[in-house]
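So this one's work_9.txt, compact mmCIF, C-alpha atoms and all ligand atoms:
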```
# COMPACT_ATOMS: atom_id res chain seq x y z
CA MET A 153 3.93 -12.81 -12.68
CA PHE A 154 1.87 -10.89 -10.17
CA ILE A 155 2.95 -8.10 -7.82
CA ASP A 156 1.40 -7.51 -4.41
CA THR A 157 1.84 -3.74 -4.26
CA HIS A 158 0.65 -3.39 -0.67
CA CYS A 159 1.34 -5.95 1.98
CA HIS A 160 2.42 -5.93 5.64
CA LEU A 161 4.53 -9.08 5.97
CA ASN A 162 5.91 -7.98 9.34
CA ILE A 163 2.40 -7.47 10.73
CA LEU A 164 1.15 -10.72 9.22
CA VAL A 165 3.64 -12.73 11.32
CA LYS A 166 2.90 -10.96 14.62
CA LYS A 167 0.45 -12.74 16.87
CA THR A 168 -1.14 -9.81 18.72
CA PHE A 169 -1.33 -6.03 18.53
CA GLU A 170 1.05 -5.90 21.52
CA ASP A 171 3.77 -7.37 19.30
CA PHE A 172 3.55 -4.43 16.89
CA ASP A 173 6.24 -1.77 16.59
CA ALA A 174 9.01 -4.08 17.78
CA PRO A 175 11.82 -5.71 15.82
CA LEU A 176 10.94 -9.11 14.32
CA THR A 177 11.95 -12.15 16.37
CA PRO A 178 13.84 -15.08 14.76
CA ALA A 179 10.62 -17.14 14.86
CA GLU A 180 8.69 -14.36 13.11
CA ILE A 181 11.39 -14.10 10.45
CA GLN A 182 11.16 -17.86 9.87
CA HIS A 183 7.41 -17.50 9.43
CA THR A 184 8.02 -14.70 6.90
CA ASP A 185 10.31 -17.05 4.93
CA LEU A 186 7.34 -19.41 4.50
CA ILE A 187 4.92 -16.67 3.47
CA VAL A 188 7.30 -15.30 0.82
CA LYS A 189 7.90 -18.82 -0.50
CA GLU A 190 4.18 -19.61 -0.64
CA ALA A 191 3.50 -16.32 -2.43
CA ALA A 192 6.15 -17.16 -5.05
CA ARG A 193 4.56 -20.57 -5.55
CA ALA A 194 1.27 -18.78 -6.26
CA GLY A 195 2.94 -16.57 -8.89
CA ILE A 196 3.54 -13.49 -6.73
CA HIS A 197 7.18 -12.71 -7.41
CA LYS A 198 7.38 -9.15 -6.16
CA ILE A 199 5.98 -7.71 -2.94
CA VAL A 200 5.95 -4.09 -1.78
CA ASN A 201 6.04 -4.38 1.99
CA VAL A 202 4.59 -1.24 3.52
CA GLY A 203 5.65 0.56 6.71
CA THR A 204 3.18 2.01 9.20
CA SER A 205 5.51 3.49 11.84
CA LEU A 206 9.25 4.03 12.36
CA PRO A 207 9.89 0.56 13.87
CA GLU A 208 7.71 -1.20 11.27
CA SER A 209 9.40 0.77 8.47
CA ILE A 210 12.74 -0.52 9.78
CA ASN A 211 11.28 -4.06 9.77
CA CYS A 212 10.24 -3.50 6.14
CA ILE A 213 13.79 -2.49 5.26
CA SER A 214 15.29 -5.53 6.98
CA LEU A 215 12.89 -7.88 5.12
CA ALA A 216 13.73 -6.13 1.83
CA HIS A 217 17.39 -6.91 2.53
CA ARG A 218 16.49 -10.55 3.24
CA TYR A 219 14.43 -11.41 0.13
CA PRO A 220 15.21 -10.50 -3.49
CA SER A 221 11.46 -10.32 -4.21
CA VAL A 222 10.56 -7.93 -1.37
CA TYR A 223 10.79 -4.13 -1.53
CA ALA A 224 10.23 -1.58 1.23
CA ALA A 225 7.91 1.39 1.59
CA VAL A 226 8.59 3.62 4.58
CA GLY A 227 6.28 6.02 6.36
CA ILE A 228 3.83 6.62 9.18
CA HIS A 229 0.17 5.59 8.95
CA PRO A 230 -2.26 8.34 10.07
CA ASN A 231 -3.59 6.09 12.86
CA ASP A 232 -0.08 5.37 14.14
CA LEU A 233 1.05 8.96 14.62
CA THR A 234 2.40 9.86 18.04
CA ASP A 235 3.96 12.98 19.52
CA THR A 236 7.32 11.87 18.15
CA TRP A 237 6.21 11.87 14.49
CA LYS A 238 8.60 14.66 13.49
CA THR A 239 11.70 12.96 14.88
CA ASP A 240 10.42 9.60 13.59
CA LEU A 241 10.22 11.05 10.09
CA ALA A 242 13.70 12.56 10.49
CA LYS A 243 14.97 9.05 11.26
CA ILE A 244 13.07 7.66 8.27
CA GLU A 245 14.75 10.33 6.15
CA GLU A 246 18.16 8.92 7.11
CA TYR A 247 17.11 5.69 5.42
CA LEU A 248 15.72 7.58 2.43
CA GLU A 249 19.15 9.06 1.87
CA LYS A 250 20.29 5.52 1.10
CA LYS A 251 17.08 4.42 -0.60
CA GLU A 252 18.76 2.23 -3.26
CA GLU A 253 20.81 0.33 -0.69
CA HIS A 254 17.66 -0.28 1.41
CA LYS A 255 15.40 -1.12 -1.58
CA ILE A 256 12.99 1.67 -0.60
CA VAL A 257 10.58 2.06 -3.52
CA ALA A 258 7.84 4.26 -2.02
CA MET A 259 6.87 6.63 0.75
CA GLY A 260 3.98 5.39 2.88
CA GLU A 261 1.60 4.46 3.91
CA CYS A 262 0.53 7.95 4.78
CA GLY A 263 -2.62 10.01 4.49
CA VAL A 264 -5.74 10.91 6.42
CA ASP A 265 -8.11 8.67 8.39
CA LYS A 266 -11.28 10.00 10.02
CA HIS A 267 -12.83 6.60 10.61
CA TYR A 268 -12.18 6.26 14.33
CA PRO A 269 -13.37 8.95 16.74
CA GLY A 270 -10.71 11.00 18.50
CA TYR A 271 -8.49 11.53 15.48
CA ASN A 272 -6.21 14.56 15.41
CA LEU A 273 -6.78 16.07 11.98
CA HIS A 274 -4.19 18.82 12.42
CA ARG A 275 -1.46 16.31 13.23
CA GLN A 276 -2.58 13.91 10.49
CA LYS A 277 -2.42 16.62 7.85
CA GLY A 278 0.95 17.90 9.10
CA ALA A 279 2.52 14.45 8.98
CA PHE A 280 0.92 13.68 5.63
CA LYS A 281 2.23 16.87 4.01
CA ARG A 282 5.71 16.24 5.38
CA GLN A 283 5.64 12.76 3.84
CA ILE A 284 4.50 14.18 0.49
CA GLU A 285 7.48 16.57 0.66
CA LEU A 286 9.82 13.67 1.39
CA ALA A 287 8.42 11.66 -1.54
CA LEU A 288 9.08 14.61 -3.85
CA THR A 289 12.55 15.28 -2.41
CA TYR A 290 13.60 11.65 -2.84
CA ASP A 291 11.69 11.15 -6.10
CA LEU A 292 9.48 8.34 -4.80
CA PRO A 293 5.84 7.42 -5.41
CA LEU A 294 3.42 7.77 -2.49
CA ILE A 295 1.27 5.02 -1.01
CA ILE A 296 -1.81 6.85 0.21
CA HIS A 297 -4.14 5.73 2.98
CA SER A 298 -7.45 7.60 2.88
CA ARG A 299 -10.40 6.46 4.97
CA ASP A 300 -13.57 8.53 5.26
CA ALA A 301 -11.38 11.51 4.36
CA ALA A 302 -11.35 11.90 0.57
CA GLU A 303 -11.87 15.69 0.79
CA GLU A 304 -8.89 16.22 3.13
CA THR A 305 -6.64 13.72 1.38
CA TYR A 306 -7.05 15.23 -2.07
CA GLN A 307 -6.80 18.78 -0.70
CA CYS A 308 -3.35 17.96 0.74
CA LEU A 309 -2.25 16.32 -2.52
CA GLN A 310 -3.54 19.25 -4.59
CA GLU A 311 -1.11 21.56 -2.76
CA PHE A 312 1.79 19.56 -4.16
CA LYS A 313 0.44 18.96 -7.65
CA SER A 314 3.38 18.59 -10.02
CA PRO A 315 4.69 16.22 -12.70
CA GLN A 316 6.84 14.52 -10.01
CA LEU A 317 3.83 13.77 -7.77
CA ARG A 318 2.71 10.17 -8.27
CA GLY A 319 1.69 7.06 -6.42
CA THR A 320 -1.21 4.81 -5.55
CA ILE A 321 -4.42 5.35 -3.60
CA HIS A 322 -4.19 2.20 -1.54
CA CYS A 323 -7.41 0.23 -1.08
CA PHE A 324 -9.27 2.76 -3.15
CA SER A 325 -12.78 2.97 -1.73
CA GLU A 326 -14.31 6.16 -3.06
CA ASP A 327 -16.59 6.68 -6.04
CA TYR A 328 -15.75 7.51 -9.65
CA ARG A 329 -15.56 11.26 -8.99
CA TRP A 330 -12.68 10.78 -6.55
CA ALA A 331 -11.11 8.22 -8.86
CA GLN A 332 -10.91 10.90 -11.55
CA GLU A 333 -9.40 13.32 -9.03
CA ALA A 334 -6.75 10.72 -8.12
CA LEU A 335 -5.90 10.05 -11.75
CA SER A 336 -5.63 13.77 -12.51
CA LEU A 337 -3.06 14.10 -9.70
CA GLY A 338 -0.89 11.36 -11.22
CA PHE A 339 -2.09 8.45 -9.11
CA VAL A 340 -3.29 4.95 -9.89
CA LEU A 341 -5.81 2.98 -7.83
CA GLY A 342 -4.74 0.13 -5.57
CA ILE A 343 -7.46 -2.52 -5.75
CA GLY A 344 -7.65 -5.35 -3.24
CA GLY A 345 -9.98 -7.82 -1.55
CA THR A 346 -12.76 -5.29 -1.04
CA ILE A 347 -13.60 -5.55 -4.77
CA THR A 348 -14.95 -9.05 -3.99
CA TYR A 349 -17.33 -7.90 -1.24
CA PRO A 350 -20.98 -8.30 -2.26
CA ARG A 351 -21.99 -4.86 -1.04
CA ASN A 352 -19.20 -3.03 -2.89
CA GLU A 353 -21.10 -2.17 -6.07
CA ALA A 354 -19.86 1.46 -6.02
CA LEU A 355 -16.23 0.35 -6.15
CA ARG A 356 -16.90 -2.13 -8.95
CA SER A 357 -18.65 0.54 -10.96
CA ALA A 358 -15.72 2.98 -10.45
CA VAL A 359 -13.20 0.32 -11.49
CA LYS A 360 -15.24 -0.44 -14.61
CA LYS A 361 -15.15 3.21 -15.64
CA VAL A 362 -11.48 3.73 -14.78
CA GLY A 363 -10.33 0.65 -16.74
CA ILE A 364 -7.46 -1.76 -16.29
CA GLU A 365 -4.66 0.65 -17.27
CA LYS A 366 -4.94 2.70 -14.08
CA ILE A 367 -5.16 -0.12 -11.57
CA ILE A 368 -2.61 -2.06 -9.54
CA LEU A 369 -3.25 -5.12 -7.37
CA GLU A 370 -2.74 -5.30 -3.61
CA THR A 371 -3.78 -7.47 -0.69
CA ASP A 372 -3.11 -5.25 2.35
CA ALA A 373 -2.39 -8.58 4.10
CA PRO A 374 -3.08 -9.43 6.92
CA PHE A 375 -6.07 -7.07 6.54
CA LEU A 376 -9.03 -6.99 4.13
CA PRO A 377 -9.11 -10.61 2.89
CA PRO A 378 -11.15 -11.44 -0.21
CA GLN A 379 -14.74 -12.54 0.40
CA PHE A 380 -13.97 -16.29 0.57
CA MET A 381 -11.46 -15.68 3.40
CA ARG A 382 -13.38 -13.09 5.39
CA GLY A 383 -12.73 -13.19 9.10
CA LYS A 384 -9.32 -14.77 8.51
CA LYS A 385 -5.88 -13.35 7.89
CA ASN A 386 -5.19 -12.15 4.38
CA HIS A 387 -2.09 -13.38 2.55
CA PRO A 388 -0.14 -12.14 -0.51
CA LYS A 389 -0.94 -15.42 -2.30
CA PHE A 390 -4.57 -14.26 -2.64
CA ILE A 391 -3.64 -11.64 -5.27
CA LYS A 392 -4.86 -14.10 -7.89
CA GLU A 393 -8.41 -14.07 -6.45
CA ILE A 394 -8.46 -10.30 -6.75
CA ALA A 395 -7.16 -10.48 -10.33
CA ARG A 396 -9.84 -13.03 -11.19
CA SER A 397 -12.63 -10.88 -9.87
CA ILE A 398 -11.34 -7.83 -11.80
CA ALA A 399 -11.09 -9.98 -14.95
CA ASP A 400 -14.73 -11.06 -14.52
CA LEU A 401 -15.83 -7.51 -13.88
CA LEU A 402 -14.08 -6.09 -16.95
CA ALA A 403 -14.78 -9.18 -19.09
CA ILE A 404 -11.12 -9.63 -20.02
CA PRO A 405 -8.80 -12.64 -19.55
CA VAL A 406 -7.07 -12.87 -16.18
CA GLU A 407 -3.72 -13.00 -18.03
CA GLU A 408 -4.40 -9.51 -19.32
CA VAL A 409 -5.12 -8.27 -15.78
CA GLU A 410 -1.84 -9.89 -14.71
CA ARG A 411 0.23 -8.41 -17.54
CA ILE A 412 -1.13 -4.86 -17.45
CA THR A 413 -1.26 -4.38 -13.66
CA THR A 414 2.24 -5.83 -13.32
CA GLU A 415 3.60 -3.44 -15.97
CA THR A 416 1.93 -0.46 -14.26
CA ALA A 417 3.31 -1.43 -10.85
CA GLU A 418 6.82 -2.04 -12.21
CA LYS A 419 6.81 1.37 -13.82
CA LEU A 420 5.44 3.16 -10.74
CA PHE A 421 7.81 1.61 -8.20
CA LYS A 422 10.71 1.10 -10.63
CA ILE A 423 10.95 -2.56 -9.63
ZN ZN B 501 -1.84 -1.07 4.62
```

Please rewrite the model in this file as structure tokens.
Amino acid sequence: MFIDTHCHLNILVKKTFEDFDAPLTPAEIQHTDLIVKEAARAGIHKIVNVGTSLPESINCISLAHRYPSVYAAVGIHPNDLTDTWKTDLAKIEEYLEKKEEHKIVAMGECGVDKHYPGYNLHRQKGAFKRQIELALTYDLPLIIHSRDAAEETYQCLQEFKSPQLRGTIHCFSEDYRWAQEALSLGFVLGIGGTITYPRNEALRSAVKKVGIEKIILETDAPFLPPQFMRGKKNHPKFIKEIARSIADLLAIPVEEVERITTETAEKLFKI
């Protein structure tokens, strides 16, 4: 059994960006039914469906209620922060208070993103730190988004270093030095489709040094498809392709990648 530890089912079924941050329509929910079924047929029996804003976090919760195999992560993505982030997080906290009922297994995705010009670093850090606090208060792992911002991301996490601090660096894309920093803070590395990209030698080398015990598998669907699907929408069923390429890289059987990454994810998210 495989676990997709980072997927956006509710974004996967939306046709355009304009449809984002709205409740799912009956047609979109029907489409989600198919995706979850197809994933199960491909051996993916647990999915952590990750929130990016207040409305999308609520969508994640409603899908977690709908499918036994789907769990919710709630939080605000650094690129989706607006002036209402504080009240949005207060509303998210109301759900956290009933985290078992809502199958909330992680806080995120949250972090720092300096990729696109015009980012507001002050606001990003403020919202990130608040979400770290919430993860610690509600004893949840964090799902971290860090893009072109390793320095800032790890600085924020350092401030909260404690035995309770834990989580995954989603779509890990730094070098081995930052991988060690992540591990020392209690995190594992989320590895997805980017491991299959021809130009990603640095990531492959970091993964080789880190080893299979500190890795979990993710698709980030509909984003970041594996090489053979580039330019198309990613899907949780492609977890197997990622596992295969990690197995080749580490020269171990794919079944071992499956068993160990699944165990690590189950332990981290308590699923
Ligand atoms: Zn994501």

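The nearest approach to ligand ZN 501 (chain B) among the residues A:His322, A:Lys167, A:His387, A:His254, with only C-alpha atoms and all ligand atoms taken into account, belongs to A:His322.
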
Legend entry - Selection near region 333-345 of chain A, 8 Å with all atoms listed in the file, sequence-local residues under 6 positions removed, as a count of residues only: 28

Legend entry - ligand ZN 501 (chain B) neighbours within 10 Å using all atoms listed in the file, as a PyMOL selection string: chain A and resi 157-160+163+201-204+229+260-262+295-297+322-323+370-376

Inset, instruction - List the neighbours of Glu245 (chain A) out to 10 Å using only C-alpha atoms; skip same-chain residues closer than 2 positions along the sequence, and give me the result as a list in words. - result: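 Result of the neighbour search: Val226, Gly227, Thr239, Asp240, Leu241, Ala242, Lys243, Tyr247, Leu248, Glu249, Lys250, Lys251, Gln283, Leu286 and Tyr290 of chain A.
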
Filtering to C-alpha atoms, could you give me those residues as a PDB file, in the coordinates of the input?
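The resulting file, selection-v3.pdb, is shown below:
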```
ATOM      1  CA  VAL A 226       8.590   3.620   4.580  1.00  0.00           C
ATOM      2  CA  GLY A 227       6.280   6.020   6.360  1.00  0.00           C
ATOM      3  CA  THR A 239      11.700  12.960  14.880  1.00  0.00           C
ATOM      4  CA  ASP A 240      10.420   9.600  13.590  1.00  0.00           C
ATOM      5  CA  LEU A 241      10.220  11.050  10.090  1.00  0.00           C
ATOM      6  CA  ALA A 242      13.700  12.560  10.490  1.00  0.00           C
ATOM      7  CA  LYS A 243      14.970   9.050  11.260  1.00  0.00           C
ATOM      8  CA  TYR A 247      17.110   5.690   5.420  1.00  0.00           C
ATOM      9  CA  LEU A 248      15.720   7.580   2.430  1.00  0.00           C
ATOM     10  CA  GLU A 249      19.150   9.060   1.870  1.00  0.00           C
ATOM     11  CA  LYS A 250      20.290   5.520   1.100  1.00  0.00           C
ATOM     12  CA  LYS A 251      17.080   4.420  -0.600  1.00  0.00           C
ATOM     13  CA  GLN A 283       5.640  12.760   3.840  1.00  0.00           C
ATOM     14  CA  LEU A 286       9.820  13.670   1.390  1.00  0.00           C
ATOM     15  CA  TYR A 290      13.600  11.650  -2.840  1.00  0.00           C
TER      16      TYR A 290
END
```

Legend entry - Who sits within 8 Å of Ala216 (chain A), only C-alpha atoms, same chain under 5 positions skipped, as a PyMOL selection string: chain A and resi 201+221-224+254-255

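Across the model, the gap from CA of Ala279 (chain A) to CA of Pro230 (chain A) is 7.8 Å.
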
Inset, instruction - Go ahead and compute the interatomic distance for CA of Lys392 (chain A) and CA of Ala179 (chain A), in Å to one decimal. - result: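 Between CA of Lys392 (chain A) and CA of Ala179 (chain A) the gap works out to 27.7 Å.
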
Inset, instruction - Determine, counting all atoms listed in the file, every residue of protein, DNA or RNA that lies within 9 Å of (4.1, -3.9, -11.9) in the file coordinates, then give the result as number ranges by chain. - result: A: 153-157, 198, 368-369, 410-423

Take the selection from the previous step and output its residues with C-alpha atoms, as an mmCIF file, in the coordinates of the input.
```cif
data_model
loop_
_atom_site.group_PDB
_atom_site.id
_atom_site.type_symbol
_atom_site.label_atom_id
_atom_site.label_comp_id
_atom_site.auth_asym_id
_atom_site.auth_seq_id
_atom_site.Cartn_x
_atom_site.Cartn_y
_atom_site.Cartn_z
ATOM 1 C CA MET A 153 3.930 -12.810 -12.680
ATOM 2 C CA PHE A 154 1.870 -10.890 -10.170
ATOM 3 C CA ILE A 155 2.950 -8.100 -7.820
ATOM 4 C CA ASP A 156 1.400 -7.510 -4.410
ATOM 5 C CA THR A 157 1.840 -3.740 -4.260
ATOM 6 C CA LYS A 198 7.380 -9.150 -6.160
ATOM 7 C CA ILE A 368 -2.610 -2.060 -9.540
ATOM 8 C CA LEU A 369 -3.250 -5.120 -7.370
ATOM 9 C CA GLU A 410 -1.840 -9.890 -14.710
ATOM 10 C CA ARG A 411 0.230 -8.410 -17.540
ATOM 11 C CA ILE A 412 -1.130 -4.860 -17.450
ATOM 12 C CA THR A 413 -1.260 -4.380 -13.660
ATOM 13 C CA THR A 414 2.240 -5.830 -13.320
ATOM 14 C CA GLU A 415 3.600 -3.440 -15.970
ATOM 15 C CA THR A 416 1.930 -0.460 -14.260
ATOM 16 C CA ALA A 417 3.310 -1.430 -10.850
ATOM 17 C CA GLU A 418 6.820 -2.040 -12.210
ATOM 18 C CA LYS A 419 6.810 1.370 -13.820
ATOM 19 C CA LEU A 420 5.440 3.160 -10.740
ATOM 20 C CA PHE A 421 7.810 1.610 -8.200
ATOM 21 C CA LYS A 422 10.710 1.100 -10.630
ATOM 22 C CA ILE A 423 10.950 -2.560 -9.630
#
```

Legend entry - Residue nearest Ala302 (chain A) among A:Ser205, A:Trp330, A:Arg275, A:Asp185 (counting only C-alpha atoms): A:Trp330

Legend entry - Counting all atoms listed in the file, the option among A:Ser325, A:Val200, A:Asp400, A:Glu408 closest to Glu365 (chain A):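 Ranked by minimum distance to Glu365 (chain A), first place goes to A:Glu408.
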
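Of the listed residues (A:Asp171, A:Asp265, A:Glu190, A:Glu252), A:Glu252 comes nearest to Leu292 (chain A); the distances count only C-alpha atoms.
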
Inset, instruction - Have a look at CA of Phe169 (chain A) and CA of Glu326 (chain A) and let me know their distance in Å, one decimal. - result: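 Separation between CA of Phe169 (chain A) and CA of Glu326 (chain A): 28.0 Å.
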
Inset, instruction - Return the single residue from A:Cys308, A:Ile244, A:Ala354, A:Ile256 that is closest to Leu273 (chain A), with distances computed using only C-alpha atoms. - result: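 That would be A:Cys308, the residue with the smallest distance to Leu273 (chain A).
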
Inset, instruction - Select, from A:Glu393, A:Glu304, A:Glu246, A:Asp232, the residue with the minimum atom-to-atom distance to Glu208 (chain A), counting all atoms listed in the file. - result: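 With all atoms listed in the file as the atom set, the closest residue is A:Asp232.
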